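A short write-up of the structure that comes next.
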There are 2 protein chains.
Amino acid sequence: MLDERKAAILRAVVEEYIDTAQPVGSAHVVRSSGVQVSSATVRNDMATLEQEGYLRQPHTSAGRIPTEKGYRFFVDNLGEPATLRRSDAVQVRSFFEQAHGELERMLQDTSRLLGDLTSYAGVVVGPAVTETTIRSIQVVGLAPTAALVVVVLSNGTVEKHHLDLTDGGPALAGGVGEERIAASTARLAAHLNGSTRSAVAAVPASGDAVVDAVCELAVRSLRADGGDEPDQVFVGGTSRMARAFDALETVREVLGILEQQYVVVTLLRDVLDRGLQVAIGTETGMENLADCALIVSPYEVDGETAGSIGVLGPARMDYPQAMAAVAVVGNRLSRRLTEG
Amino acid sequence: MLDERKAAILRAVVEEYIDTAQPVGSAHVVRSSGVQVSSATVRNDMATLEQEGYLRQPHTSAGRIPTEKGYRFFVDNLGEPATLRRSDAVQVRSFFEQAHGELERMLQDTSRLLGDLTSYAGVVVGPAVTETTIRSIQVVGLAPTAALVVVVLSNGTVEKHHLDLTDGGPALAGGVGEERIAASTARLAAHLNGSTRSAVAAVPASGDAVVDAVCELAVRSLRADGGDEPDQVFVGGTSRMARAFDALETVREVLGILEQQYVVVTLLRDVLDRGLQVAIGTETGMENLADCALIVSPYEVDGETAGSIGVLGPARMDYPQAMAAVAVVGNRLSRRLTEG
DNA sequence: GCTGGCACTCGGTAGCATCGAGTGCCAGAG
DNA sequence: CTCTGGCACTCGATGCTACCGAGTGCCAGC
């Protein structure tokens with residue numbers, strides 16, 4: 001463990017480096033940390049901190065920069081939990097008061113909100129589809145040989161699947177009339193309402209071959225399209241994120257990662273699974289994110305964990321600020337989604 | 001108009017500059033253009049081309065770079081229409097054969113496809129909502145005081161709107177039962193099916209105060225949320241785009257623009273309205289895109305223009321290649337959406 | 001254990017010479 | 001009139017040197 005002065009020095013280095021992106025020298029620390037010792041003493045302590053892995057020197061005779069371990073210590077022990085700037089708090093509140101429309105759009109906007117608040121990239125992973133239950137299911141005829149299955153899930157999402165009735169075998173060769181569609185809807189609703197989305201059971205035979213064939217198609221489409229459908233990912237604020245890095249190559253890599261929805265979902269899930277709220281550098285588990293840090297938080301609907309939000313920025317990010325933003329937005333989002 | 005040799009020289013400069021991003025000198029032109037004259041002659045012609053505004057010199061004693069006018073001439077008169085590389089054609093075909101699932105996901109994937117094909121940013125603007133007609137409308141009860149209106153539109157989109165039944169005045173104070181929901185659905189369907197999305201008329205009174213109140217709420221939500229809802233925008237391939245620029249600042253600006261859905265919609269629409277297929281630099285109408293070029297194409301559903309796709313890249317983009325990609329994807333997408 | 005002092009390091013900047021890709025122009029040939 | 005070879009000139013890029021200064025490590029003394 002670090003003694004008090006070393007901790008104060010480490011904090012000063014981290015805070016100043018976050019602010020300026022320049023290596024921090026002992027004189028700066030003396031000026032900004034409040035410790036009442038000479039720069040020589042600070043130098044000695046900084047050498048120790050370097051040996052112990054909290055700091056490093058880009059080159060001999062330059063100032064010090066925090067290492068991953070240094071940031072970690074800062075986050076765990078030194079960062080005083082910040083509250084949002086007043087103006088940001090207002091922005092968050094009014095955002096969730098005005099939020100309306102479809103879930104997807106709201107989540108997309110939330111990712112942008114996170115980006116705005118933090119100046120990094122905001123990420124929102126949509127409610128996991130596997131845990132939800134079916135609240136309503138309906139078949140809508142579009143044409144004699146085409147229909148749509150519309151499923152309303154307990155998390156408020158609406159899924160739709162196109163059915164090509166010509167795939168339904170001989171029973172459907174002649175097209176399907178209104179009343180058979182209605183009968184199929186009733187049958188599907190009776191058997192599937194309330195069951196979980198991931199475990200859609202087959203609907204038993206009814207005696208009407210046409211209805212059975214439609215139900216069969218519907219169930220099949222739900223299974224094929226739904227079970228393994230990746231969770232939706234929304235990313236906002238990439239241009240602000242680009243402002244936080246000064247190497248074009250890094251920006252490219254981060255953009256590349258944010259484009260791969262599956263990777264993003266896995267990334268957030270992994271970090272949360274390891275019980276982390278903040279993942280710094282290699283803690284993210286991704287090589288390309290060595291210079292980055294990720295702040296994550298789950299959000300809830302009706303008291304159950306539904307999805308996650310996060311912020312991806314440079315390792316030298318303003319942790320207290322960003323953590324506050326993620327926490328507040330997560331809470332507000334949970335509340336908003338729960339009350340409907 | 002340019003004589004033949006000057007045109008050949010201009011083409012050589014444009015092609016080489018697109019390839020190398022380096023100013024092109026007269027010697028290079030002689031080597032690559034096929035014109036059988038000395039470099040001195042080429043120099044004279046290049047000086048003329050510069051006076052006429054097709055080329056410019058970054059500094060005295062450097063090679064020449066195409067101007068906006070130069071690119072424009074190249075696109076209009078010199079670029080031989082390319083066909084897709086064989087492997088790309090295969091990729092497009094198999095993409096549209098495998099495309100499935102919801103419209104939104106497909107459009108998102110299409111934007112990514114465009115990005116992959118061209119190495120620039122792919123943009124897809126969803127089918128305009130105002131022109132579509134309502135194919136089916138349904139009210140789904142979620143709770144005694146909450147319901148969902150689900151609307152299926154002729155373009156295959158599904159809209160959903162939350163209704164807070166406590167907003168419905170005294171008639172709904174006691175909650176709404178199953179059968180009243182069903183009656184509302186029937187009433188809405190009878191009056192609204194077939195009408196255009198943008199012109200949703202009020203449903204006349206039925207005598208049942210509860211049903212009328214629900215219908216009223218539903219109609220109101222359709223009007224409020226739908227009429228001015230901006231078209232959806234999908235962007236893919238931003239990381240590849242970042243690779244095409246070498247100035248971090250440019251990347252940031254382009255990212256910033258691509259994040260603003262409304263701006264992107266307007267941008268594509270404006271360019272198409274001016275009858276352009278390619279907008280270079282200031283032709284885009286946006287200052288920040290001075291170093292960029294945009295290729296656009298509308299796509300159709302059932303023979304009617306439904307939305308647009310495009311590619312945004314550097315002004316020194318591979319026009320023939322990118323134009324071919326946009327054209328092919330536009331056609332395929334139209335076909336795919338039309339056949340359903 | 002802390003401090004002032006001091007020698008040392010090394011990245012960054014400025015100045016300067018050099019190189020070379022490229023230009024403009026001109027006089028002469030076709 | 002057009003093209004060409006030749007030539008002087010420009011100017012960014014590259015490399016070298018010198019120097020500055022922020023910063024370090026270490027040591028002797030309080």
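Each chain in the structure tokens gets a letter, A, B, ..., in the order shown, and its residues are numbered from 1; ligands are numbered from 1 in order too.
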
Distance-based interface of chain C with chain A, 10 Å, counting only C-alpha atoms (C1' of nucleotides), as a list in words: DG1, DC2, DT3, DG4, DC8, DT9, DC10 and DG11 of chain C

Pull out every residue of chain D sitting within 7 Å of chain B, counting only C-alpha atoms (C1' of nucleotides), and send them as a PDB file with N, CA and C atoms (P, O5', C5', C4', C3', O3' and C1' of nucleotides), in the first residue's frame.
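The new file iface.pdb reads:
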```
ATOM      1  P    DC D   3       1.965  20.289 -79.964  1.00  0.00           P
ATOM      2  O5'  DC D   3       3.434  19.714 -79.812  1.00  0.00           O
ATOM      3  C5'  DC D   3       3.967  18.897 -80.858  1.00  0.00           C
ATOM      4  C4'  DC D   3       5.458  18.863 -80.714  1.00  0.00           C
ATOM      5  C3'  DC D   3       5.960  18.373 -79.347  1.00  0.00           C
ATOM      6  O3'  DC D   3       6.745  17.225 -79.553  1.00  0.00           O
ATOM      7  C1'  DC D   3       7.107  20.333 -80.043  1.00  0.00           C
ATOM      8  P    DT D   4       7.260  16.420 -78.294  1.00  0.00           P
ATOM      9  O5'  DT D   4       8.730  16.980 -78.119  1.00  0.00           O
ATOM     10  C5'  DT D   4       9.641  16.856 -79.202  1.00  0.00           C
ATOM     11  C4'  DT D   4      10.957  17.492 -78.822  1.00  0.00           C
ATOM     12  C3'  DT D   4      11.465  17.073 -77.439  1.00  0.00           C
ATOM     13  O3'  DT D   4      12.772  16.576 -77.573  1.00  0.00           O
ATOM     14  C1'  DT D   4      11.536  19.437 -77.699  1.00  0.00           C
ATOM     15  P    DT D  10      14.563  31.490 -57.756  1.00  0.00           P
ATOM     16  O5'  DT D  10      13.342  30.648 -57.209  1.00  0.00           O
ATOM     17  C5'  DT D  10      12.539  29.949 -58.143  1.00  0.00           C
ATOM     18  C4'  DT D  10      11.569  29.056 -57.413  1.00  0.00           C
ATOM     19  C3'  DT D  10      11.521  29.193 -55.895  1.00  0.00           C
ATOM     20  O3'  DT D  10      10.193  29.018 -55.509  1.00  0.00           O
ATOM     21  C1'  DT D  10      12.149  26.987 -56.468  1.00  0.00           C
ATOM     22  P    DC D  11       9.668  29.534 -54.138  1.00  0.00           P
ATOM     23  O5'  DC D  11       9.627  28.159 -53.360  1.00  0.00           O
ATOM     24  C5'  DC D  11       8.912  27.066 -53.950  1.00  0.00           C
ATOM     25  C4'  DC D  11       9.151  25.824 -53.112  1.00  0.00           C
ATOM     26  C3'  DC D  11       9.358  26.114 -51.631  1.00  0.00           C
ATOM     27  O3'  DC D  11       8.804  25.037 -50.933  1.00  0.00           O
ATOM     28  C1'  DC D  11      11.176  24.949 -52.436  1.00  0.00           C
TER      29       DC D  11
END
```

Residue hits in chain B, query chain A, radius 10 Å, only C-alpha atoms, as number ranges by chain: B: 100-103, 105, 112, 135-138, 140-142, 146, 148, 150-154, 156-164, 221, 224-226, 229, 232, 235-243, 245-249, 251-260, 340

Shell around segment 23-31 of chain A at 9 Å using only C-alpha atoms (C1' of nucleotides), local window under 6 positions removed, as a PyMOL selection string: (chain A and resi 9-10+12-14+16-17+37-43+46+57-58+62-66) or (chain D and resi 22-23)

With C-alpha atoms (C1' of nucleotides) retained, write the just-selected residues as a PDB file, in the first residue's frame.
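Full text of again.pdb as output:
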```
ATOM      1  CA  ILE A   9       1.757  12.449  -5.578  1.00  0.00           C
ATOM      2  CA  LEU A  10       0.213   9.702  -7.663  1.00  0.00           C
ATOM      3  CA  ALA A  12      -1.461  14.727  -8.721  1.00  0.00           C
ATOM      4  CA  VAL A  13       0.298  13.004 -11.594  1.00  0.00           C
ATOM      5  CA  VAL A  14      -2.849  11.254 -12.751  1.00  0.00           C
ATOM      6  CA  GLU A  16      -2.503  16.554 -14.278  1.00  0.00           C
ATOM      7  CA  TYR A  17      -1.799  14.021 -16.978  1.00  0.00           C
ATOM      8  CA  VAL A  37       8.012  18.926   0.499  1.00  0.00           C
ATOM      9  CA  SER A  38      10.681  19.840  -1.986  1.00  0.00           C
ATOM     10  CA  SER A  39      10.775  18.650  -5.544  1.00  0.00           C
ATOM     11  CA  ALA A  40      13.759  16.467  -4.719  1.00  0.00           C
ATOM     12  CA  THR A  41      11.685  14.512  -2.248  1.00  0.00           C
ATOM     13  CA  VAL A  42       8.924  14.188  -4.753  1.00  0.00           C
ATOM     14  CA  ARG A  43      11.466  12.905  -7.244  1.00  0.00           C
ATOM     15  CA  MET A  46       8.247   9.194  -7.955  1.00  0.00           C
ATOM     16  CA  GLN A  57       8.833   7.499 -17.902  1.00  0.00           C
ATOM     17  CA  PRO A  58       8.360   7.855 -21.649  1.00  0.00           C
ATOM     18  CA  ALA A  62      11.045  13.300 -19.037  1.00  0.00           C
ATOM     19  CA  GLY A  63       8.222  13.575 -16.550  1.00  0.00           C
ATOM     20  CA  ARG A  64       6.141  10.619 -15.412  1.00  0.00           C
ATOM     21  CA  ILE A  65       2.995   9.129 -16.871  1.00  0.00           C
ATOM     22  CA  PRO A  66       0.574   6.834 -15.051  1.00  0.00           C
TER      23      PRO A  66
ATOM     24  C1'  DA D  22      12.513  20.494 -18.370  1.00  0.00           C
ATOM     25  C1'  DG D  23      13.413  16.898 -15.954  1.00  0.00           C
TER      26       DG D  23
END
```

Residue neighbourhood Gly53 of chain B, 9 Å, only C-alpha atoms (C1' of nucleotides), exclusion window fewer than 3 positions, as a ChimeraX atom specification: /B:48-50,56,66-70

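Reported to one decimal place, the separation of atom CA of Gln51 of chain A from atom C1' of DG12 of chain C is 27.3 Å.
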
Pairwise distance for atom CA of Ala325 of chain A and atom CA of Val90 of chain A, rounded to one decimal in Å: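 Atom CA of Ala325 of chain A sits 12.0 Å away from atom CA of Val90 of chain A.
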